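J.: Here you go, target37.cif (mmCIF, C-alpha atoms):
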data_input
#
loop_
_atom_site.label_atom_id
_atom_site.label_comp_id
_atom_site.auth_asym_id
_atom_site.auth_seq_id
_atom_site.Cartn_x
_atom_site.Cartn_y
_atom_site.Cartn_z
CA MET A 1 -36.90 -168.06 -125.17
CA ARG A 2 -40.57 -168.51 -124.37
CA LYS A 3 -41.15 -170.26 -127.71
CA LYS A 4 -38.31 -172.65 -127.01
CA GLU A 5 -39.69 -173.48 -123.57
CA LEU A 6 -43.17 -173.98 -125.01
CA LEU A 7 -41.79 -176.25 -127.72
CA LEU A 8 -39.90 -178.29 -125.13
CA PHE A 9 -43.00 -178.55 -122.96
CA PHE A 10 -45.07 -179.64 -125.98
CA LEU A 11 -42.51 -182.30 -126.89
CA PHE A 12 -42.44 -183.55 -123.28
CA PHE A 13 -46.24 -183.66 -123.22
CA CYS A 14 -46.33 -185.68 -126.46
CA LEU A 15 -43.76 -188.14 -125.10
CA LEU A 16 -45.64 -188.59 -121.83
CA THR A 17 -48.97 -189.09 -123.62
CA SER A 18 -47.50 -191.68 -125.96
CA LEU A 19 -45.94 -193.53 -123.03
CA LEU A 20 -49.26 -193.57 -121.24
CA LEU A 21 -51.08 -194.77 -124.35
CA ILE A 22 -48.79 -197.74 -125.07
CA PRO A 23 -50.28 -200.05 -122.36
CA ILE A 24 -53.83 -199.06 -123.37
CA ILE A 25 -53.14 -199.87 -127.03
CA ASN A 26 -51.53 -203.16 -126.05
CA ALA A 27 -54.47 -204.05 -123.80
CA GLU A 28 -56.86 -203.34 -126.64
CA GLU A 29 -54.82 -205.57 -128.94
CA GLU A 30 -54.84 -208.36 -126.38
CA THR A 31 -58.59 -208.26 -125.98
CA GLU A 32 -59.03 -208.76 -129.73
CA GLU A 33 -58.97 -212.50 -129.41
CA LYS A 34 -60.61 -215.13 -131.46
CA LEU A 35 -62.80 -217.14 -129.16
CA ALA A 36 -64.03 -220.54 -130.12
CA THR A 37 -66.36 -222.52 -127.90
CA THR A 38 -67.08 -226.14 -128.52
CA ILE A 39 -69.60 -228.21 -126.64
CA VAL A 40 -69.87 -231.85 -127.54
CA GLU A 41 -72.37 -234.16 -125.96
CA VAL A 42 -72.49 -237.83 -126.80
CA PHE A 43 -74.95 -240.33 -125.35
CA THR A 44 -74.58 -243.74 -126.88
CA SER A 45 -74.71 -247.42 -126.18
CA ALA A 46 -72.79 -248.36 -129.31
CA PHE A 47 -69.22 -247.78 -130.51
CA TYR A 48 -68.18 -244.16 -130.73
CA ASN A 49 -65.01 -242.26 -131.46
CA VAL A 50 -64.35 -238.57 -130.88
CA THR A 51 -61.20 -237.35 -132.60
CA GLN A 52 -59.83 -233.83 -132.64
CA ARG A 53 -56.71 -232.24 -134.05
CA ILE A 54 -55.94 -228.56 -133.65
CA LEU A 55 -52.85 -226.89 -135.02
CA TYR A 56 -51.92 -223.23 -134.79
CA SER A 57 -48.79 -221.94 -136.49
CA PHE A 58 -47.14 -218.76 -135.33
CA VAL A 59 -43.86 -217.13 -136.18
CA GLU A 60 -42.49 -218.24 -132.81
CA GLY A 61 -43.59 -221.85 -133.15
CA VAL A 62 -46.48 -224.25 -133.47
CA LEU A 63 -48.99 -225.23 -130.82
CA ARG A 64 -50.78 -228.50 -131.23
CA GLU A 65 -53.59 -230.45 -129.64
CA ASP A 66 -54.32 -234.06 -130.52
CA SER A 67 -57.08 -235.84 -128.67
CA TRP A 68 -59.32 -238.84 -129.11
CA ILE A 69 -61.82 -240.70 -126.99
CA GLN A 70 -63.29 -244.04 -127.94
CA SER A 71 -65.44 -246.65 -126.32
CA LEU A 72 -67.39 -249.75 -127.23
CA GLU A 73 -70.28 -248.92 -124.97
CA GLY A 74 -71.12 -246.26 -122.48
CA ILE A 75 -72.34 -242.78 -121.84
CA LEU A 76 -69.99 -239.89 -122.47
CA HIS A 77 -70.51 -236.26 -121.69
CA LEU A 78 -67.72 -234.15 -123.08
CA PHE A 79 -67.57 -230.40 -122.58
CA GLU A 80 -64.83 -228.26 -124.11
CA LEU A 81 -64.04 -224.59 -123.99
CA LYS A 82 -61.20 -223.25 -126.10
CA ALA A 83 -59.88 -219.73 -126.49
CA VAL A 84 -57.16 -218.62 -128.85
CA ASN A 85 -55.51 -215.24 -128.71
CA VAL A 86 -53.76 -214.86 -132.03
CA ASN A 87 -52.09 -211.59 -131.07
CA ILE A 88 -50.13 -213.01 -128.21
CA SER A 89 -49.97 -216.57 -129.55
CA ARG A 90 -51.78 -217.97 -126.54
CA TYR A 91 -54.16 -220.91 -126.32
CA GLU A 92 -56.33 -222.05 -123.44
CA SER A 93 -58.40 -225.18 -123.34
CA THR A 94 -60.62 -226.63 -120.64
CA LYS A 95 -62.10 -230.10 -120.94
CA LEU A 96 -64.65 -231.80 -118.71
CA ILE A 97 -65.27 -235.49 -119.25
CA PHE A 98 -67.88 -237.61 -117.53
CA PHE A 99 -67.99 -241.23 -118.54
CA SER A 100 -69.66 -244.42 -117.39
CA GLY A 101 -69.55 -247.64 -119.36
CA LYS A 102 -67.15 -250.28 -120.68
CA ASP A 103 -63.50 -250.03 -121.69
CA MET A 104 -63.16 -246.41 -122.66
CA SER A 105 -59.78 -245.20 -123.93
CA PHE A 106 -58.60 -241.66 -124.42
CA ARG A 107 -55.50 -239.66 -125.15
CA HIS A 108 -54.93 -235.91 -124.97
CA ASP A 109 -51.62 -234.56 -126.19
CA TYR A 110 -50.59 -230.90 -126.14
CA GLY A 111 -47.40 -229.59 -127.70
CA ASN A 112 -45.55 -226.30 -127.83
CA SER A 113 -42.77 -226.28 -130.39
CA GLY A 114 -41.70 -222.81 -129.26
CA LEU A 115 -40.76 -224.40 -125.96
CA SER A 116 -39.87 -227.87 -127.35
CA ALA A 117 -42.27 -229.34 -124.82
CA ALA A 118 -45.32 -231.58 -124.73
CA VAL A 119 -47.70 -232.76 -122.05
CA GLY A 120 -50.76 -234.96 -121.90
CA SER A 121 -52.88 -237.68 -120.36
CA ALA A 122 -54.15 -241.05 -121.50
CA GLY A 123 -56.52 -243.67 -120.17
CA GLU A 124 -57.14 -247.34 -120.80
CA SER A 125 -59.85 -249.77 -119.74
CA ILE A 126 -61.76 -246.96 -118.11
CA LYS A 127 -65.04 -247.99 -116.52
CA SER A 128 -65.88 -244.61 -115.04
CA LEU A 129 -64.27 -241.20 -115.23
CA ASN A 130 -64.89 -237.73 -113.89
CA MET A 131 -62.11 -235.52 -115.21
CA ARG A 132 -61.27 -231.87 -115.50
CA GLU A 133 -58.30 -230.83 -117.62
CA ARG A 134 -56.97 -227.36 -118.28
CA VAL A 135 -54.05 -226.40 -120.48
CA THR A 136 -52.44 -223.06 -121.30
CA ILE A 137 -49.96 -222.82 -124.14
CA ASP A 138 -48.09 -219.64 -124.86
CA VAL A 139 -45.83 -220.02 -127.89
CA LYS A 140 -44.38 -216.52 -127.72
CA GLY A 141 -43.94 -216.54 -123.93
CA ARG A 142 -42.64 -220.12 -124.04
CA ILE A 143 -45.07 -221.45 -121.45
CA LEU A 144 -46.91 -224.73 -121.09
CA ASN A 145 -49.15 -225.17 -118.05
CA TYR A 146 -51.24 -228.27 -117.51
CA GLN A 147 -53.63 -229.19 -114.72
CA VAL A 148 -55.67 -232.34 -114.43
CA SER A 149 -57.97 -233.64 -111.70
CA ALA A 150 -59.66 -236.99 -112.13
CA THR A 151 -61.42 -239.75 -110.26
CA GLY A 152 -62.46 -243.01 -111.82
CA LYS A 153 -61.82 -246.67 -112.38
CA GLY A 154 -59.28 -248.09 -114.82
CA THR A 155 -55.77 -246.99 -115.75
CA MET A 156 -54.72 -243.41 -116.27
CA ARG A 157 -51.37 -241.97 -117.31
CA THR A 158 -49.91 -238.49 -117.40
CA GLY A 159 -46.62 -237.48 -118.95
CA ALA A 160 -44.56 -234.44 -119.81
CA ILE A 161 -41.36 -233.82 -121.69
CA TRP A 162 -39.31 -230.68 -122.22
CA TYR A 163 -36.01 -230.33 -124.04
CA TRP A 164 -34.89 -227.27 -122.13
CA GLY A 165 -31.34 -227.03 -123.42
CA ASN A 166 -29.57 -226.95 -126.72
CA THR A 167 -28.70 -230.62 -126.57
CA ILE A 168 -30.94 -233.67 -126.50
CA GLU A 169 -29.50 -234.60 -123.10
CA ASP A 170 -30.91 -231.54 -121.32
CA ILE A 171 -34.32 -232.91 -120.67
CA VAL A 172 -37.05 -233.14 -118.10
CA TYR A 173 -39.16 -236.27 -118.47
CA TYR A 174 -42.03 -237.26 -116.27
CA ARG A 175 -44.49 -240.13 -116.49
CA GLU A 176 -47.02 -241.41 -114.02
CA GLU A 177 -49.53 -244.24 -114.16
CA VAL A 178 -52.25 -245.12 -111.69
CA SER A 179 -54.48 -248.18 -111.75
CA GLY A 180 -57.63 -249.44 -110.10
CA THR A 181 -60.04 -247.09 -108.46
CA PHE A 182 -58.06 -243.89 -108.68
CA SER A 183 -58.02 -240.27 -107.66
CA VAL A 184 -55.52 -237.95 -109.30
CA THR A 185 -54.45 -234.31 -109.08
CA ARG A 186 -51.52 -233.23 -111.22
CA ILE A 187 -49.94 -229.95 -112.20
CA VAL A 188 -47.16 -229.57 -114.72
CA SER A 189 -45.78 -226.10 -115.38
CA MET A 190 -42.95 -225.56 -117.79
CA GLY A 191 -41.54 -222.36 -119.17
CA SER A 192 -39.53 -219.28 -118.57
CA GLU A 193 -42.24 -217.47 -116.67
CA VAL A 194 -43.10 -218.46 -113.13
CA PRO A 195 -46.73 -219.59 -113.08
CA PRO A 196 -49.04 -219.41 -110.06
CA SER A 197 -47.68 -221.97 -107.66
CA HIS A 198 -50.85 -223.30 -106.10
CA PRO A 199 -53.94 -224.44 -107.93
CA SER A 200 -57.47 -224.48 -106.68
CA ALA A 201 -58.46 -227.43 -104.55
CA PRO A 202 -59.56 -230.47 -106.54
CA MET B 1 -21.35 -189.21 -128.98
CA LYS B 2 -22.06 -190.00 -125.34
CA ALA B 3 -25.75 -190.40 -126.11
CA ASP B 4 -24.90 -192.93 -128.84
CA ARG B 5 -22.88 -194.96 -126.38
CA LEU B 6 -25.70 -194.84 -123.86
CA VAL B 7 -28.22 -195.99 -126.43
CA THR B 8 -25.88 -198.81 -127.50
CA LEU B 9 -25.48 -199.88 -123.88
CA LEU B 10 -29.22 -199.83 -123.28
CA LEU B 11 -29.85 -201.83 -126.46
CA THR B 12 -27.22 -204.38 -125.41
CA ILE B 13 -28.88 -204.77 -122.00
CA LEU B 14 -32.29 -205.16 -123.63
CA MET B 15 -30.95 -207.76 -126.04
CA CYS B 16 -29.37 -209.70 -123.19
CA ILE B 17 -32.56 -209.97 -121.13
CA PRO B 18 -34.06 -212.87 -123.16
CA ILE B 19 -30.76 -214.75 -122.85
CA PHE B 20 -30.90 -214.53 -119.06
CA ILE B 21 -34.54 -215.58 -119.09
CA ALA B 22 -33.80 -218.51 -121.39
CA ASP B 23 -31.06 -219.66 -119.03
CA SER B 24 -33.53 -220.06 -116.19
CA PRO B 25 -36.07 -222.65 -117.22
CA PHE B 26 -38.87 -223.09 -114.76
CA VAL B 27 -40.42 -226.47 -114.07
CA GLU B 28 -43.02 -227.34 -111.52
CA ILE B 29 -44.50 -230.80 -111.24
CA GLU B 30 -46.97 -231.47 -108.47
CA SER B 31 -48.81 -234.71 -108.25
CA ALA B 32 -51.01 -236.30 -105.61
CA LEU B 33 -52.70 -239.55 -106.45
CA GLN B 34 -54.11 -242.72 -105.06
CA GLY B 35 -54.80 -245.99 -106.81
CA SER B 36 -56.27 -249.22 -105.53
CA LYS B 37 -54.21 -251.38 -107.90
CA GLY B 38 -50.89 -249.62 -107.84
CA VAL B 39 -48.88 -246.74 -109.20
CA ASP B 40 -46.00 -246.60 -111.68
CA THR B 41 -43.99 -243.40 -111.99
CA SER B 42 -40.80 -242.20 -113.59
CA LEU B 43 -39.17 -238.79 -113.30
CA HIS B 44 -35.93 -237.71 -114.92
CA ALA B 45 -34.61 -234.17 -115.01
CA ASP B 46 -31.21 -233.66 -116.60
CA HIS B 47 -29.60 -230.25 -116.72
CA ASN B 48 -26.07 -228.82 -116.82
CA GLU B 49 -26.05 -228.38 -113.06
CA PHE B 50 -28.15 -231.25 -111.75
CA GLU B 51 -29.73 -234.59 -112.43
CA VAL B 52 -32.81 -235.90 -110.63
CA ASN B 53 -34.04 -239.48 -111.02
CA ASN B 54 -37.06 -240.97 -109.34
CA GLU B 55 -38.75 -244.25 -110.09
CA PHE B 56 -41.48 -245.94 -108.13
CA SER B 57 -43.75 -248.93 -108.72
CA SER B 58 -46.36 -250.59 -106.56
CA THR B 59 -49.02 -253.22 -107.11
CA GLY B 60 -51.53 -252.60 -104.33
CA PHE B 61 -53.31 -249.70 -102.74
CA THR B 62 -51.01 -246.66 -102.91
CA ILE B 63 -51.10 -243.02 -102.01
CA TYR B 64 -48.33 -241.09 -103.73
CA VAL B 65 -47.19 -237.48 -103.65
CA LEU B 66 -44.48 -236.16 -105.97
CA ARG B 67 -43.17 -232.64 -106.32
CA LEU B 68 -40.30 -231.16 -108.33
CA THR B 69 -39.57 -227.45 -108.59
CA THR B 70 -36.59 -225.97 -110.35
CA ASN B 71 -35.57 -222.68 -111.89
CA GLY B 72 -32.76 -224.35 -113.80
CA LEU B 73 -30.23 -223.94 -111.00
CA ASN B 74 -31.84 -224.79 -107.71
CA VAL B 75 -33.96 -227.87 -107.21
CA SER B 76 -36.35 -228.83 -104.45
CA GLY B 77 -39.08 -231.37 -104.06
CA GLU B 78 -40.45 -234.40 -102.34
CA ALA B 79 -41.47 -237.96 -103.02
CA SER B 80 -43.73 -239.50 -100.38
CA PHE B 81 -46.02 -242.48 -100.39
CA MET B 82 -47.95 -245.06 -98.44
CA VAL B 83 -48.27 -248.59 -99.80
CA SER B 84 -49.97 -251.70 -98.51
CA SER B 85 -48.33 -254.26 -100.78
CA LYS B 86 -45.27 -254.81 -102.98
CA ALA B 87 -43.38 -251.66 -103.92
CA LEU B 88 -40.00 -250.86 -105.47
CA GLY B 89 -38.40 -247.47 -105.79
CA ARG B 90 -35.27 -245.44 -106.34
CA PHE B 91 -34.44 -241.79 -105.94
CA GLU B 92 -31.25 -239.88 -106.72
CA VAL B 93 -30.07 -236.27 -106.95
CA ALA B 94 -26.63 -235.69 -108.44
CA VAL B 95 -24.49 -232.84 -109.71
CA PRO B 96 -22.97 -234.17 -112.98
CA GLY B 97 -19.21 -234.20 -113.32
CA THR B 98 -18.57 -233.56 -109.64
CA GLY B 99 -19.13 -236.85 -107.85
CA TYR B 100 -21.69 -235.15 -105.69
CA ALA B 101 -24.77 -237.32 -105.21
CA ILE B 102 -27.32 -238.49 -102.74
CA GLY B 103 -30.14 -241.02 -102.90
CA TYR B 104 -32.05 -243.99 -101.64
CA SER B 105 -33.73 -247.13 -102.87
CA PHE B 106 -36.14 -249.57 -101.28
CA SER B 107 -37.95 -252.81 -101.80
CA SER B 108 -40.93 -253.34 -99.63
CA PHE B 109 -43.11 -256.40 -99.50
CA THR B 110 -45.67 -255.23 -97.00
CA ALA B 111 -46.80 -251.88 -95.73
CA LEU B 112 -44.38 -248.97 -96.03
CA VAL B 113 -44.78 -245.30 -95.34
CA LEU B 114 -41.96 -243.15 -96.67
CA GLU B 115 -41.52 -239.42 -96.70
CA SER B 116 -38.54 -237.83 -98.45
CA LYS B 117 -37.68 -234.23 -99.15
CA TYR B 118 -34.68 -232.95 -101.09
CA LEU B 119 -33.00 -229.68 -101.83
CA LEU B 120 -30.14 -228.69 -104.10
CA VAL B 121 -28.94 -225.10 -104.01
CA ILE B 122 -26.38 -224.01 -106.58
CA THR B 123 -24.96 -220.53 -106.95
CA PRO B 124 -23.50 -220.06 -110.42
CA ARG B 125 -19.81 -219.57 -110.86
CA VAL B 126 -18.61 -216.00 -110.83
CA GLY B 127 -15.20 -215.74 -112.45
CA GLU B 128 -12.89 -218.23 -110.82
CA GLU B 129 -14.94 -218.47 -107.68
CA MET B 130 -16.19 -221.91 -106.78
CA ALA B 131 -19.92 -222.47 -107.09
CA LYS B 132 -21.81 -222.90 -103.86
CA LYS B 133 -23.55 -226.20 -103.60
CA VAL B 134 -25.80 -227.56 -100.87
CA LEU B 135 -27.42 -230.93 -101.24
CA GLN B 136 -29.85 -232.13 -98.60
CA LEU B 137 -32.02 -235.16 -98.17
CA ALA B 138 -34.47 -235.77 -95.32
CA LEU B 139 -35.97 -239.22 -95.18
CA LYS B 140 -38.49 -240.85 -92.85
CA ALA B 141 -39.58 -244.43 -93.33
CA GLU B 142 -41.66 -246.91 -91.40
CA GLY B 143 -42.74 -250.36 -92.48
CA GLU B 144 -41.48 -253.76 -93.41
CA GLY B 145 -38.97 -254.25 -96.21
CA THR B 146 -35.46 -253.13 -97.12
CA LEU B 147 -34.29 -249.54 -97.33
CA ARG B 148 -30.92 -248.37 -98.60
CA VAL B 149 -29.66 -244.81 -98.26
CA GLY B 150 -26.38 -243.48 -99.61
CA GLY B 151 -24.33 -240.43 -100.48
CA VAL B 152 -21.03 -239.76 -102.19
CA TYR B 153 -18.92 -236.62 -102.29
CA TYR B 154 -15.56 -236.33 -104.02
CA TRP B 155 -14.29 -233.14 -102.44
CA SER B 156 -11.03 -233.18 -104.36
CA PRO B 157 -10.04 -234.08 -107.91
CA GLN B 158 -7.93 -236.84 -106.37
CA LEU B 159 -9.94 -240.05 -106.32
CA GLY B 160 -8.95 -240.95 -102.77
CA LYS B 161 -10.44 -237.86 -101.22
CA LYS B 162 -14.06 -238.72 -100.95
CA LEU B 163 -16.93 -239.39 -98.64
CA TYR B 164 -18.85 -242.57 -99.27
CA TYR B 165 -21.85 -243.37 -97.16
CA LYS B 166 -24.24 -246.28 -97.45
CA GLN B 167 -26.77 -247.61 -95.00
CA SER B 168 -29.16 -250.50 -95.37
CA VAL B 169 -31.92 -251.53 -93.01
CA SER B 170 -34.15 -254.57 -93.35
CA GLY B 171 -37.08 -256.10 -91.60
CA GLU B 172 -39.54 -254.03 -89.66
CA ILE B 173 -37.92 -250.63 -89.91
CA LEU B 174 -38.27 -247.20 -88.47
CA ALA B 175 -35.76 -244.77 -89.97
CA ASN B 176 -35.24 -241.04 -89.71
CA ILE B 177 -32.28 -239.86 -91.79
CA ASN B 178 -31.01 -236.39 -92.65
CA ILE B 179 -27.99 -235.87 -94.91
CA THR B 180 -26.40 -232.55 -95.84
CA LEU B 181 -23.49 -232.24 -98.26
CA ASN B 182 -22.03 -228.84 -98.97
CA ASN B 183 -18.88 -227.09 -100.03
CA LEU B 184 -19.49 -223.86 -98.17
CA PHE B 185 -16.48 -224.54 -96.00
CA LYS B 186 -13.04 -225.73 -96.96
CA GLY B 187 -13.60 -228.93 -95.08
CA LEU B 188 -16.59 -231.15 -95.22
CA MET B 189 -19.62 -231.05 -92.99
CA VAL B 190 -21.95 -233.97 -92.94
CA LYS B 191 -24.69 -234.11 -90.40
CA ALA B 192 -24.58 -237.52 -88.82
CA PRO B 193 -27.70 -239.50 -89.53
CA SER B 194 -29.75 -240.70 -86.62
CA ALA B 195 -29.25 -244.39 -86.06
CA PRO B 196 -32.02 -246.39 -87.64
CA ARG B 197 -33.73 -248.78 -85.31
CA VAL B 198 -34.41 -252.27 -86.53
CA PHE B 199 -37.07 -254.08 -84.59
CA PRO B 200 -37.18 -257.85 -84.64
CA THR B 201 -40.39 -259.30 -85.99
CA LYS B 202 -42.80 -260.70 -83.45
CA PRO B 203 -42.66 -264.45 -82.99
#
As structure tokens, what does this structure read like?
T.:
Amino acid sequence: MRKKELLLFFLFFCLLTSLLLIPIINAEEETEEKLATTIVEVFTSAFYNVTQRILYSFVEGVLREDSWIQSLEGILHLFELKAVNVNISRYESTKLIFFSGKDMSFRHDYGNSGLSAAVGSAGESIKSLNMRERVTIDVKGRILNYQVSATGKGTMRTGAIWYWGNTIEDIVYYREEVSGTFSVTRIVSMGSEVPPSHPSAP
Amino acid sequence: MKADRLVTLLLTILMCIPIFIADSPFVEIESALQGSKGVDTSLHADHNEFEVNNEFSSTGFTIYVLRLTTNGLNVSGEASFMVSSKALGRFEVAVPGTGYAIGYSFSSFTALVLESKYLLVITPRVGEEMAKKVLQLALKAEGEGTLRVGGVYYWSPQLGKKLYYKQSVSGEILANINITLNNLFKGLMVKAPSAPRVFPTKP
């Protein structure tokens, strides 16, 4: 009888220990992320073009970033920080752009095929720009969060699209354009998980 | 045998969780912007239970705030702006296939300040029970131009049984309008809008 009780206690202890270890193991897995940091600085008075294409394929879908900036003349300071967690199929990117010059154009496009959604910003005839952009893409968790704050002069557009149903008619589509001397703060959150509702002050 | 059934039940529940999550898409769009040479926006959200359309264009100095939040069933948000020159806009919330809609449009040729907030609450159908629907629009406007506000509610499959409401104000306007459509009661309850005041322009 004693042996049986001891065996049961041992089994219970093993079960409890394994249950307690699961979150620790998961946390360790999540911290094993591949971190890539990119810092680009361009100072020029001639034509320049910065083009970037990033594509990550996961079992759950593909996340994509397409971006380019070009100008005939001006000073550009571009700072980028990107982090990819391959274990949880998550991507985070922060971009800071400071520009002063003539007729700068840019386009940043982020896609999440796991969510069937895309979001991005574009600018045309930009004379000056001070912009901060942050995007979080979670292919497995089906999340796409996008925040942009910008002040400048020219024309700037932001858009988002999400096919949230099984048919092409179930769609959320959003597009916004502002011209002249502008100031912009935009947040687009799409996904199954509820993101934090209020961002930091611009 | 009982344990097998319990495990099967638990597995079924676990397998169903992603389906419930997938049925509740979350969208949040928040935008606050100002532009000295105008703003051009377009918002369209089409789902089984609702449809939201918002379009706005201006050519002069504009301050614009747009918000849309939905969990796939309930929708809330606002569209507010201040313009100092030509502006055109349209806004509509509708429940497809029910004849249950509310909206406004405007054309302004001088200054206009407009604040609008909307809410659509839908409780999903349970068996044969009718879904609960509440559709509200609160609108404040002040400026010079033309503003049209309207709502329609077919409360019966028969075409004759409907509410149709349309209001148009022009000139120098000051409007404060609240509309509530709901099917919580057998009858229909519409909160009467406050009468818009139209002031004649100064000679």
J.: Give as a PyMOL selection string the set of residues within 9 Å of the point (-40.4, -228.2, -104.8), where distances use the file's coordinates and all atoms listed in the file.
T.: chain B and resi 28-30+67-70+75-78+117-119
J.: Could you write out as number ranges by chain the residues of chain B within 6 Å of chain A, counting all atoms listed in the file?
T.: B: 25-47
J.: Interatomic distance between atom CA of A:Ser89 and atom CA of A:Gly111?
T.: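 Atom-to-atom, atom CA of A:Ser89 to atom CA of A:Gly111, that is 13.4 Å.
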J.: Apply the PyMOL selection byres ((chain A and resi 47-54) around 8) to the displayed file and report the matching residues as a count of residues only.
T.: 15
J.: What is the distance between atom CA of A:Asn85 and atom CA of A:Asp138, in Å to one decimal?
T.: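 One can read the atom CA of A:Asn85 to atom CA of A:Asp138 distance as 9.4 Å.
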J.: Quick one: everything within 6 Å of B:Gly143, counting all atoms listed in the file, minus sequence neighbours fewer than 2 positions away in the same chain. Send it as a PyMOL selection string.
T.: chain B and resi 111-112+172-173
J.: Enter the distance from atom CA of A:Asn112 to atom CA of A:Leu63, in Å, rounded to one decimal.
T.: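 Distance reported for this atom pair: 4.7 Å.
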J.: Counting all atoms listed in the file, what is within 8 Å of B:Val83, bar same-chain residues fewer than 6 positions away, as a ChimeraX atom specification?
T.: /B:58,60-63,110-113
J.: For the structure shown, which residues end up in the PyMOL selection byres ((chain B and resi 154) around 12)? Put them as number ranges by chain, please?
T.: B: 94-101, 151-153, 155-165, 181-183, 187-188
J.: Deliver the residues from the most recent selection as a file, using C-alpha atoms, as a CSV table (one decimal), keeping the file's coordinate frame.
T.:
chain,number,residue,atom,x,y,z
B,94,ALA,CA,-26.6,-235.7,-108.4
B,95,VAL,CA,-24.5,-232.8,-109.7
B,96,PRO,CA,-23.0,-234.2,-113.0
B,97,GLY,CA,-19.2,-234.2,-113.3
B,98,THR,CA,-18.6,-233.6,-109.6
B,99,GLY,CA,-19.1,-236.8,-107.8
B,100,TYR,CA,-21.7,-235.2,-105.7
B,101,ALA,CA,-24.8,-237.3,-105.2
B,151,GLY,CA,-24.3,-240.4,-100.5
B,152,VAL,CA,-21.0,-239.8,-102.2
B,153,TYR,CA,-18.9,-236.6,-102.3
B,155,TRP,CA,-14.3,-233.1,-102.4
B,156,SER,CA,-11.0,-233.2,-104.4
B,157,PRO,CA,-10.0,-234.1,-107.9
B,158,GLN,CA,-7.9,-236.8,-106.4
B,159,LEU,CA,-9.9,-240.0,-106.3
B,160,GLY,CA,-9.0,-241.0,-102.8
B,161,LYS,CA,-10.4,-237.9,-101.2
B,162,LYS,CA,-14.1,-238.7,-101.0
B,163,LEU,CA,-16.9,-239.4,-98.6
B,164,TYR,CA,-18.8,-242.6,-99.3
B,165,TYR,CA,-21.8,-243.4,-97.2
B,181,LEU,CA,-23.5,-232.2,-98.3
B,182,ASN,CA,-22.0,-228.8,-99.0
B,183,ASN,CA,-18.9,-227.1,-100.0
B,187,GLY,CA,-13.6,-228.9,-95.1
B,188,LEU,CA,-16.6,-231.2,-95.2
J.: Which polymer residues have any atom within 8 Å of an atom of B:Lys133, counting all atoms listed in the file, with same-chain residues fewer than 3 positions away left out, as a list in words?
T.: Leu120, Val121, Ile122, Thr123, Asn182, Asn183 and Leu184 of chain B
